[in-house]
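Structure data follow from final-v1.cif (mmCIF, C-alpha atoms and all ligand atoms):
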data_run
#
loop_
_atom_site.group_PDB
_atom_site.id
_atom_site.type_symbol
_atom_site.label_atom_id
_atom_site.label_comp_id
_atom_site.auth_asym_id
_atom_site.auth_seq_id
_atom_site.Cartn_x
_atom_site.Cartn_y
_atom_site.Cartn_z
ATOM 1 C CA MET A 1 106.120 198.314 144.756
ATOM 2 C CA SER A 2 105.089 196.484 141.620
ATOM 3 C CA ASP A 3 107.354 196.027 138.621
ATOM 4 C CA LYS A 4 107.053 198.247 135.597
ATOM 5 C CA THR A 5 109.383 198.385 132.644
ATOM 6 C CA ALA A 6 110.270 201.956 131.807
ATOM 7 C CA ARG A 7 109.762 203.357 128.333
ATOM 8 C CA ILE A 8 113.142 203.785 126.674
ATOM 9 C CA ILE A 9 113.670 206.951 124.680
ATOM 10 C CA SER A 10 116.898 207.657 122.823
ATOM 11 C CA SER A 11 115.911 210.615 120.653
ATOM 12 C CA PRO A 12 116.242 214.061 122.298
ATOM 13 C CA GLU A 13 113.292 215.312 120.221
ATOM 14 C CA LEU A 14 110.999 212.498 121.401
ATOM 15 C CA MET A 15 112.142 213.062 124.973
ATOM 16 C CA GLN A 16 111.284 216.771 124.654
ATOM 17 C CA GLU A 17 107.871 215.912 123.224
ATOM 18 C CA PHE A 18 107.194 213.522 126.104
ATOM 19 C CA SER A 19 108.285 216.113 128.692
ATOM 20 C CA THR A 20 106.269 218.906 127.106
ATOM 21 C CA SER A 21 103.144 216.740 127.118
ATOM 22 C CA LYS A 22 103.635 215.980 130.826
ATOM 23 C CA PHE A 23 104.238 219.664 131.563
ATOM 24 C CA VAL A 24 100.954 220.535 129.839
ATOM 25 C CA GLU A 25 99.232 217.954 132.067
ATOM 26 C CA GLY A 26 100.680 219.793 135.083
ATOM 27 C CA LYS A 27 103.000 216.905 136.038
ATOM 28 C CA ARG A 28 106.316 217.440 137.817
ATOM 29 C CA ILE A 29 109.215 215.525 136.288
ATOM 30 C CA ALA A 30 111.896 214.329 138.712
ATOM 31 C CA PHE A 31 115.132 213.592 136.889
ATOM 32 C CA VAL A 32 118.131 211.450 137.812
ATOM 33 C CA PRO A 33 121.095 211.859 135.440
ATOM 34 C CA THR A 34 123.520 208.906 135.482
ATOM 35 C CA MET A 35 126.195 207.196 133.432
ATOM 36 C CA GLY A 36 124.623 203.802 134.105
ATOM 37 C CA ALA A 37 126.220 200.722 135.712
ATOM 38 C CA LEU A 38 123.702 201.464 138.423
ATOM 39 C CA HIS A 39 124.305 200.606 142.076
ATOM 40 C CA GLU A 40 122.516 201.339 145.347
ATOM 41 C CA GLY A 41 123.883 204.903 145.333
ATOM 42 C CA HIS A 42 122.147 205.687 142.048
ATOM 43 C CA LEU A 43 119.032 203.829 143.170
ATOM 44 C CA SER A 44 118.761 205.971 146.311
ATOM 45 C CA LEU A 45 118.445 208.980 143.979
ATOM 46 C CA VAL A 46 115.771 207.178 141.952
ATOM 47 C CA ALA A 47 113.829 206.353 145.145
ATOM 48 C CA GLU A 48 113.944 210.039 146.124
ATOM 49 C CA ALA A 49 112.810 211.053 142.624
ATOM 50 C CA LYS A 50 109.898 208.654 142.950
ATOM 51 C CA LYS A 51 108.865 210.332 146.238
ATOM 52 C CA ARG A 52 109.136 213.863 144.883
ATOM 53 C CA GLY A 53 107.975 213.731 141.272
ATOM 54 C CA ASP A 54 104.828 212.699 139.380
ATOM 55 C CA ILE A 55 106.986 211.364 136.565
ATOM 56 C CA VAL A 56 110.494 209.911 136.973
ATOM 57 C CA VAL A 57 113.075 210.092 134.202
ATOM 58 C CA VAL A 58 116.497 208.455 134.584
ATOM 59 C CA SER A 59 119.124 209.202 131.959
ATOM 60 C CA ILE A 60 121.861 206.730 131.128
ATOM 61 C CA PHE A 61 124.559 208.386 129.081
ATOM 62 C CA VAL A 62 128.301 207.881 129.350
ATOM 63 C CA ASN A 63 129.274 211.423 128.429
ATOM 64 C CA PRO A 64 132.510 211.430 126.401
ATOM 65 C CA THR A 65 133.224 215.132 126.933
ATOM 66 C CA GLN A 66 133.724 214.736 130.679
ATOM 67 C CA PHE A 67 136.492 212.151 130.214
ATOM 68 C CA GLY A 68 140.075 213.241 129.601
ATOM 69 C CA GLU A 69 142.131 211.766 126.768
ATOM 70 C CA ASN A 70 143.867 209.259 129.025
ATOM 71 C CA GLU A 71 140.795 208.415 131.070
ATOM 72 C CA ASP A 72 138.500 205.407 131.038
ATOM 73 C CA PHE A 73 135.719 206.430 128.608
ATOM 74 C CA ASN A 74 136.106 203.307 126.468
ATOM 75 C CA GLU A 75 136.512 200.960 129.427
ATOM 76 C CA TYR A 76 133.743 202.569 131.530
ATOM 77 C CA VAL A 77 131.340 199.826 132.709
ATOM 78 C CA ARG A 78 128.195 199.681 130.572
ATOM 79 C CA ASP A 79 125.346 197.342 131.553
ATOM 80 C CA PHE A 80 122.140 198.605 129.997
ATOM 81 C CA SER A 81 120.084 195.442 130.462
ATOM 82 C CA GLY A 82 121.268 195.081 134.077
ATOM 83 C CA ASP A 83 120.347 198.735 134.670
ATOM 84 C CA GLN A 84 116.857 198.208 133.262
ATOM 85 C CA LYS A 85 116.321 195.243 135.597
ATOM 86 C CA LYS A 86 117.462 197.280 138.601
ATOM 87 C CA LEU A 87 115.109 200.136 137.719
ATOM 88 C CA LYS A 88 112.085 197.850 137.292
ATOM 89 C CA SER A 89 110.899 197.838 140.888
ATOM 90 C CA TYR A 90 111.150 201.653 141.082
ATOM 91 C CA GLU A 91 108.499 202.102 138.398
ATOM 92 C CA VAL A 92 110.537 204.644 136.503
ATOM 93 C CA ASP A 93 108.541 206.195 133.663
ATOM 94 C CA VAL A 94 111.291 206.847 131.149
ATOM 95 C CA VAL A 95 114.906 205.834 130.706
ATOM 96 C CA PHE A 96 116.477 208.425 128.447
ATOM 97 C CA ALA A 97 119.422 206.693 126.782
ATOM 98 C CA PRO A 98 120.717 208.695 123.833
ATOM 99 C CA GLU A 99 123.666 207.754 121.629
ATOM 100 C CA VAL A 100 126.715 210.024 121.594
ATOM 101 C CA ASP A 101 125.719 211.365 118.143
ATOM 102 C CA ASP A 102 122.266 212.298 119.441
ATOM 103 C CA ILE A 103 123.829 214.562 122.047
ATOM 104 C CA TYR A 104 126.862 215.729 120.074
ATOM 105 C CA PRO A 105 126.129 216.022 116.352
ATOM 106 C CA LEU A 106 129.179 216.746 114.195
ATOM 107 C CA ASP A 107 128.709 220.518 114.236
ATOM 108 C CA PHE A 108 128.202 220.755 118.018
ATOM 109 C CA GLU A 109 130.303 223.545 119.565
ATOM 110 C CA THR A 110 128.672 225.206 122.616
ATOM 111 C CA LYS A 111 130.458 224.817 125.954
ATOM 112 C CA VAL A 112 129.259 225.701 129.437
ATOM 113 C CA GLU A 113 131.702 226.200 132.292
ATOM 114 C CA LEU A 114 132.210 227.825 135.679
ATOM 115 C CA PRO A 115 135.844 228.916 135.690
ATOM 116 C CA LYS A 116 136.144 229.551 139.430
ATOM 117 C CA LEU A 117 134.302 226.603 140.949
ATOM 118 C CA GLN A 118 135.943 224.148 138.570
ATOM 119 C CA ASN A 119 139.424 225.448 139.390
ATOM 120 C CA CYS A 120 140.061 223.225 142.411
ATOM 121 C CA LEU A 121 139.835 219.605 143.614
ATOM 122 C CA CYS A 122 138.818 217.281 140.722
ATOM 123 C CA GLY A 123 138.783 220.196 138.292
ATOM 124 C CA LEU A 124 142.561 220.563 138.585
ATOM 125 C CA SER A 125 143.427 216.922 138.091
ATOM 126 C CA ARG A 126 140.769 216.402 135.410
ATOM 127 C CA PRO A 127 141.047 219.440 133.113
ATOM 128 C CA GLY A 128 137.925 219.854 131.003
ATOM 129 C CA HIS A 129 135.921 217.432 133.159
ATOM 130 C CA PHE A 130 133.479 219.957 134.602
ATOM 131 C CA LYS A 131 133.128 221.748 131.273
ATOM 132 C CA GLY A 132 131.897 218.412 129.921
ATOM 133 C CA VAL A 133 129.630 217.908 132.946
ATOM 134 C CA CYS A 134 128.105 221.410 132.778
ATOM 135 C CA THR A 135 127.546 221.209 129.044
ATOM 136 C CA VAL A 136 125.824 217.833 129.212
ATOM 137 C CA VAL A 137 123.760 218.751 132.288
ATOM 138 C CA THR A 138 122.573 221.913 130.515
ATOM 139 C CA LYS A 139 121.606 219.866 127.468
ATOM 140 C CA LEU A 140 119.920 217.156 129.547
ATOM 141 C CA PHE A 141 117.904 219.761 131.478
ATOM 142 C CA ASN A 142 116.770 221.340 128.189
ATOM 143 C CA ILE A 143 115.803 217.941 126.814
ATOM 144 C CA VAL A 144 114.163 216.376 129.894
ATOM 145 C CA LYS A 145 112.730 219.661 131.252
ATOM 146 C CA PRO A 146 112.629 218.466 134.865
ATOM 147 C CA SER A 147 111.083 220.378 137.762
ATOM 148 C CA LEU A 148 113.698 218.808 139.979
ATOM 149 C CA ALA A 149 116.902 216.865 139.503
ATOM 150 C CA ILE A 150 118.592 214.629 142.062
ATOM 151 C CA PHE A 151 122.373 214.508 142.503
ATOM 152 C CA GLY A 152 124.549 212.556 144.946
ATOM 153 C CA GLU A 153 126.928 214.127 147.453
ATOM 154 C CA LYS A 154 129.451 211.487 146.361
ATOM 155 C CA ASP A 155 130.395 213.911 143.566
ATOM 156 C CA TYR A 156 130.356 216.903 145.880
ATOM 157 C CA GLN A 157 132.126 219.388 143.624
ATOM 158 C CA GLN A 158 129.803 218.397 140.768
ATOM 159 C CA LEU A 159 126.804 219.002 143.041
ATOM 160 C CA LYS A 160 128.045 222.488 143.991
ATOM 161 C CA ILE A 161 128.813 223.315 140.370
ATOM 162 C CA VAL A 162 125.379 222.193 139.170
ATOM 163 C CA GLN A 163 123.677 224.202 141.941
ATOM 164 C CA LYS A 164 125.613 227.313 140.829
ATOM 165 C CA LEU A 165 124.998 226.614 137.124
ATOM 166 C CA VAL A 166 121.259 226.494 137.750
ATOM 167 C CA ARG A 167 121.402 229.752 139.755
ATOM 168 C CA ASP A 168 123.649 231.568 137.281
ATOM 169 C CA LEU A 169 121.583 230.618 134.232
ATOM 170 C CA ASN A 170 118.142 230.928 135.906
ATOM 171 C CA MET A 171 117.299 227.335 135.091
ATOM 172 C CA ASN A 172 113.911 226.447 136.490
ATOM 173 C CA VAL A 173 115.122 223.208 138.088
ATOM 174 C CA LYS A 174 115.307 222.485 141.816
ATOM 175 C CA ILE A 175 118.503 220.603 142.668
ATOM 176 C CA VAL A 176 118.039 217.992 145.386
ATOM 177 C CA SER A 177 121.094 216.369 146.975
ATOM 178 C CA MET A 178 121.310 212.935 148.534
ATOM 179 C CA PRO A 179 123.885 211.488 150.977
ATOM 180 C CA ILE A 180 126.637 209.089 149.930
ATOM 181 C CA VAL A 181 125.544 205.448 149.952
ATOM 182 C CA ARG A 182 128.313 203.181 151.244
ATOM 183 C CA GLU A 183 129.046 199.470 151.340
ATOM 184 C CA LYS A 184 128.661 197.947 154.832
ATOM 185 C CA ASP A 185 132.387 198.396 155.466
ATOM 186 C CA GLY A 186 132.304 202.077 154.502
ATOM 187 C CA LEU A 187 133.577 202.045 150.909
ATOM 188 C CA ALA A 188 131.613 204.656 148.942
ATOM 189 C CA MET A 189 129.644 202.937 146.186
ATOM 190 C CA SER A 190 130.950 203.759 142.739
ATOM 191 C CA SER A 191 130.632 202.260 139.278
ATOM 192 C CA ARG A 192 134.455 202.247 139.239
ATOM 193 C CA ASN A 193 134.662 199.883 142.249
ATOM 194 C CA LYS A 194 134.096 197.097 139.709
ATOM 195 C CA TYR A 195 137.614 197.700 138.405
ATOM 196 C CA LEU A 196 139.174 196.811 141.791
ATOM 197 C CA SER A 197 140.832 193.458 142.528
ATOM 198 C CA GLN A 198 140.267 192.059 146.032
ATOM 199 C CA SER A 199 143.586 193.421 147.309
ATOM 200 C CA GLU A 200 142.884 196.811 145.727
ATOM 201 C CA ARG A 201 139.456 196.849 147.314
ATOM 202 C CA ASP A 202 141.063 196.232 150.717
ATOM 203 C CA LYS A 203 143.329 199.209 150.119
ATOM 204 C CA ALA A 204 140.449 201.351 148.854
ATOM 205 C CA LEU A 205 138.737 200.944 152.211
ATOM 206 C CA SER A 206 141.405 203.202 153.721
ATOM 207 C CA ILE A 207 139.849 206.155 151.844
ATOM 208 C CA SER A 208 136.626 206.200 153.864
ATOM 209 C CA LYS A 209 138.550 205.178 157.006
ATOM 210 C CA SER A 210 140.834 208.189 156.592
ATOM 211 C CA LEU A 211 137.847 210.542 156.325
ATOM 212 C CA VAL A 212 136.314 209.085 159.483
ATOM 213 C CA ARG A 213 139.688 209.520 161.221
ATOM 214 C CA VAL A 214 139.878 213.201 160.210
ATOM 215 C CA LYS A 215 136.352 213.779 161.464
ATOM 216 C CA GLU A 216 137.147 212.028 164.770
ATOM 217 C CA LEU A 217 140.192 214.255 165.262
ATOM 218 C CA TYR A 218 138.128 217.351 164.462
ATOM 219 C CA ARG A 219 135.569 216.268 167.065
ATOM 220 C CA LYS A 220 138.408 215.913 169.576
ATOM 221 C CA GLY A 221 139.298 219.558 168.971
ATOM 222 C CA TYR A 222 141.931 219.471 166.236
ATOM 223 C CA VAL A 223 141.321 222.354 163.829
ATOM 224 C CA GLU A 224 144.673 222.889 162.142
ATOM 225 C CA ILE A 225 144.209 222.031 158.465
ATOM 226 C CA SER A 226 147.715 220.686 157.810
ATOM 227 C CA GLU A 227 147.548 218.421 160.866
ATOM 228 C CA LEU A 228 144.131 217.028 159.910
ATOM 229 C CA VAL A 229 145.119 216.514 156.272
ATOM 230 C CA GLU A 230 148.390 214.814 157.253
ATOM 231 C CA SER A 231 146.571 212.410 159.542
ATOM 232 C CA GLY A 232 144.132 211.547 156.743
ATOM 233 C CA ILE A 233 146.960 210.941 154.273
ATOM 234 C CA LYS A 234 148.770 208.838 156.887
ATOM 235 C CA VAL A 235 145.810 206.418 157.067
ATOM 236 C CA LEU A 236 146.033 206.047 153.275
ATOM 237 C CA ASN A 237 149.810 205.640 153.223
ATOM 238 C CA ASP A 238 149.710 203.079 156.070
ATOM 239 C CA SER A 239 147.413 200.951 153.886
ATOM 240 C CA GLY A 240 149.732 201.187 150.908
ATOM 241 C CA VAL A 241 147.874 203.975 149.096
ATOM 242 C CA SER A 242 150.519 206.463 148.020
ATOM 243 C CA ASP A 243 149.076 207.964 144.832
ATOM 244 C CA VAL A 244 146.978 210.687 146.456
ATOM 245 C CA ASP A 245 145.661 213.168 143.947
ATOM 246 C CA TYR A 246 144.379 215.591 146.576
ATOM 247 C CA TYR A 247 143.418 215.580 150.244
ATOM 248 C CA GLU A 248 141.783 218.847 151.175
ATOM 249 C CA ILE A 249 139.545 220.590 153.638
ATOM 250 C CA ARG A 250 137.434 223.385 152.127
ATOM 251 C CA ASP A 251 134.350 225.450 152.782
ATOM 252 C CA GLY A 252 131.319 223.163 152.303
ATOM 253 C CA ASP A 253 129.404 225.723 150.227
ATOM 254 C CA THR A 254 131.906 227.845 148.310
ATOM 255 C CA LEU A 255 134.679 225.202 148.129
ATOM 256 C CA GLU A 256 137.114 227.995 149.080
ATOM 257 C CA PRO A 257 140.131 227.025 151.239
ATOM 258 C CA VAL A 258 139.635 227.566 154.983
ATOM 259 C CA GLU A 259 142.151 228.716 157.600
ATOM 260 C CA GLU A 260 140.891 226.447 160.359
ATOM 261 C CA ALA A 261 138.530 223.493 160.276
ATOM 262 C CA GLN A 262 134.929 224.330 161.132
ATOM 263 C CA GLN A 263 131.641 222.485 161.274
ATOM 264 C CA GLY A 264 130.205 221.969 157.786
ATOM 265 C CA ASN A 265 133.599 221.992 156.066
ATOM 266 C CA LEU A 266 134.177 219.480 153.311
ATOM 267 C CA VAL A 267 136.987 216.944 153.621
ATOM 268 C CA ALA A 268 137.559 215.655 150.099
ATOM 269 C CA VAL A 269 139.956 213.063 148.773
ATOM 270 C CA ALA A 270 140.878 211.588 145.409
ATOM 271 C CA ALA A 271 143.381 208.740 145.241
ATOM 272 C CA LYS A 272 144.454 206.147 142.771
ATOM 273 C CA ILE A 273 144.259 202.505 143.749
ATOM 274 C CA GLY A 274 146.210 200.736 141.027
ATOM 275 C CA SER A 275 144.870 202.407 137.906
ATOM 276 C CA THR A 276 141.467 203.227 139.421
ATOM 277 C CA ARG A 277 140.895 206.796 140.582
ATOM 278 C CA LEU A 278 138.389 206.966 143.446
ATOM 279 C CA ILE A 279 136.880 209.975 145.201
ATOM 280 C CA ASP A 280 135.153 210.322 148.534
ATOM 281 C CA ASN A 281 134.265 213.035 151.021
ATOM 282 C CA ILE A 282 132.786 213.768 154.421
ATOM 283 C CA ARG A 283 131.401 216.917 156.062
ATOM 284 C CA LEU A 284 132.792 217.963 159.428
HETATM 285 P P1 LIG B 301 127.453 208.683 137.794
HETATM 286 O O1 LIG B 301 126.697 207.581 137.144
HETATM 287 O O2 LIG B 301 128.715 208.242 138.449
HETATM 288 O O3 LIG B 301 127.616 209.884 136.902
HETATM 289 O O4 LIG B 301 126.545 209.192 138.993
HETATM 290 C C1 LIG B 301 125.234 209.615 138.785
HETATM 291 C C2 LIG B 301 124.697 210.219 140.061
HETATM 292 O O5 LIG B 301 124.733 209.259 141.095
HETATM 293 C C3 LIG B 301 125.527 211.428 140.538
HETATM 294 O O6 LIG B 301 124.647 212.433 141.032
HETATM 295 C C4 LIG B 301 126.350 210.824 141.649
HETATM 296 O O7 LIG B 301 126.753 211.745 142.631
HETATM 297 C C5 LIG B 301 125.376 209.821 142.224
HETATM 298 N N1 LIG B 301 126.096 208.778 142.984
HETATM 299 C C6 LIG B 301 127.117 207.997 142.532
HETATM 300 N N2 LIG B 301 127.566 207.205 143.538
HETATM 301 C C7 LIG B 301 126.813 207.500 144.625
HETATM 302 C C8 LIG B 301 126.791 207.031 145.971
HETATM 303 N N3 LIG B 301 127.642 206.099 146.415
HETATM 304 N N4 LIG B 301 125.882 207.556 146.817
HETATM 305 C C9 LIG B 301 125.015 208.519 146.394
HETATM 306 N N5 LIG B 301 124.981 209.008 145.146
HETATM 307 C C10 LIG B 301 125.873 208.501 144.265
#

Rewrite the structure of this file - the entire thing - as structure tokens.
Amino acid sequence: MSDKTARIISSPELMQEFSTSKFVEGKRIAFVPTMGALHEGHLSLVAEAKKRGDIVVVSIFVNPTQFGENEDFNEYVRDFSGDQKKLKSYEVDVVFAPEVDDIYPLDFETKVELPKLQNCLCGLSRPGHFKGVCTVVTKLFNIVKPSLAIFGEKDYQQLKIVQKLVRDLNMNVKIVSMPIVREKDGLAMSSRNKYLSQSERDKALSISKSLVRVKELYRKGYVEISELVESGIKVLNDSGVSDVDYYEIRDGDTLEPVEEAQQGNLVAVAAKIGSTRLIDNIRL
């Protein structure tokens, strides 16, 4: 692939104009929403967008409304010029990078939420998070007008919520999901991994190891939820990770609790390593 610097658009109105003109030309826009600090996980979504769309739009917007009061909005890694360099070889057409005021003018008040699907897993420990996600995704879809949008399974609950949002509100956007991209040793790639010291990174590795352990046990015939969850938590605890936000096995589509583990179930974990909250998951 040759290098091409993407056009940068920050105004929602200009972005809408661009998208409308492409729509009139009969072009399909493939959209990858991100908060920047791009890594190979994000880039796998961009590569998929490139395959599936005529035009590729990547948004870079650290969305304040999905961060809680005591969360890391201000500290969140921002590296716009690094991101642009990384996107070069993918020949992205547009990077949509609005300012907070562009997305949330002073009189902004509409909120979008899915009370049931957000009432578990990350939604419980991060109140308001998915309301912020759903509101910004709705806005971004109205601004970018994509035919399809690519999301990572890394944020599995987010993926399920966005799929339902699109169904519930008849949004004309196909949601495509992509598998979790991991470091060679198994750590799920995340912009927040940059916060980890070397010793914290060593500990963080136990998260993916614990998921693999749970899946191994399931394959050996263990189906009792409490037993599987305890063995996952034990792998974390044995590595010195004690601040476990949740460790759960749920239905892979509805995210409802299950009585016994079954193929396709989601094993999801959130744990704090030092002050960094990491999430990961695996399907049985
Ligand atoms: P973020 O910038 O963290 O909001 O993530 C933007 C998109 O990239 C979301 O759809 C994430 O699920 C996806 N993503 C983040 N990390 C990974 C990863 N390790 N593998 C695959 N997709 C990812």

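Contacts with ligand LIG 301 (chain B) are defined as any residue atom within 7 Å of a ligand atom, using all atoms listed in the file; the residues meeting this criterion are Pro33, Thr34, Met35, Gly36, Leu38, Gly41, His42, Ser44, Leu45, Ile150, Phe151, Gly152, Glu153, Lys154, Asp155, Met178, Pro179, Ile180, Val181, Arg182, Ala188, Met189, Ser190 and Ser191 of chain A.
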
- Query: If we count all atoms listed in the file, what is near A:Arg283 at a cut-off of 6 Å, once residues fewer than 6 positions away on the same chain are taken out, given as a ChimeraX atom specification?
  - Reply: /A:264-266

- Item | Among listed residues A:Gly240, A:Thr65, A:Ile175, A:Ile60, nearest A:Arg126 (using only C-alpha atoms) | A:Thr65

- Task: Go ahead and compute the interatomic distance for atom CA of A:Glu260 and atom CA of A:Glu216, in Å to one decimal.
- Result: 15.5 Å

- In Å, rounded to a single decimal, give me how far atom CA of A:Ser226 is from atom CA of A:Asp243. 18.2 Å

- Task: Would you kindly translate the PyMOL selection byres (((chain A and resi 68) around 8) and not hetatm) into the concrete residues it picks from this file, as a ChimeraX atom specification?
- Result: /A:65-67,69-71,126-129

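Considering the residues A:Glu113, A:Asp107, A:Asp54, A:Glu248 and counting all atoms listed in the file, A:Thr135 has its shortest atom-to-atom contact with A:Glu113.
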
- Message: So that I can see what lies close to stretch 92-104 of chain A, please list as a ChimeraX atom specification the residues with an atom at most 8 Å from it, counting only C-alpha atoms and leaving out residues fewer than 4 positions away in the same chain.
- Response: /A:4-12,15,46,50,55-61,63-64,87-88,108,139

- Output the residue selection produced by the PyMOL selection byres (((chain A and resi 237) around 12) and not hetatm) on the file above, formatted as a list of chain:residue names. A:Lys203, A:Ala204, A:Ser206, A:Ile207, A:Lys209, A:Ser210, A:Glu230, A:Ser231, A:Gly232, A:Ile233, A:Lys234, A:Val235, A:Leu236, A:Asp238, A:Ser239, A:Gly240, A:Val241, A:Ser242, A:Asp243, A:Val244, A:Ala271, A:Lys272, A:Ile273

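The smallest atom-to-atom distance between A:Cys120 and any of A:Gln198, A:Ser275, A:Asn281, A:Thr254, using all atoms listed in the file, is found for A:Thr254.
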
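Selection result for the displayed file, with the PyMOL selection byres (((chain A and resi 219-224) around 8) and not hetatm) as criterion, is Lys215, Glu216, Leu217, Tyr218, Ile225, Ser226, Glu227, Leu228, Glu259, Glu260, Ala261 and Gln262 of chain A.
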
- Given only C-alpha atoms as the counted atoms, nearest of A:Lys160, A:Lys145, A:Lys174, A:Arg201 to A:Phe18: A:Lys145

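Between atom CA of A:Asn170 and atom CA of A:Asn142 the interatomic distance comes to 12.4 Å.
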
- Task: Kindly indicate which residue among A:Asp253, A:Glu91, A:Glu200, A:Glu48 lies nearest to A:Lys164, using all atoms listed in the file for the distances.
- Result: A:Asp253

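Proximity ranking of A:Phe80, A:Tyr156, A:Phe130, A:Phe73 relative to A:Val112 places A:Phe130 first, based on all atoms listed in the file.
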
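Around A:Leu114, within 10 Å and counting all atoms listed in the file, the residues found are Leu117, Gln118, Asn119, Phe130, Lys131, Cys134, Ile161, Val162, Lys164, Leu165 and Asp168 of chain A, once anything fewer than 3 positions away on its own chain is removed.
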
For the residues in the current selection, export C-alpha atoms as a CSV table (one decimal), in the frame of the given file.
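Result written to again12.csv:
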chain,number,residue,atom,x,y,z
A,117,LEU,CA,134.3,226.6,140.9
A,118,GLN,CA,135.9,224.1,138.6
A,119,ASN,CA,139.4,225.4,139.4
A,130,PHE,CA,133.5,220.0,134.6
A,131,LYS,CA,133.1,221.7,131.3
A,134,CYS,CA,128.1,221.4,132.8
A,161,ILE,CA,128.8,223.3,140.4
A,162,VAL,CA,125.4,222.2,139.2
A,164,LYS,CA,125.6,227.3,140.8
A,165,LEU,CA,125.0,226.6,137.1
A,168,ASP,CA,123.6,231.6,137.3
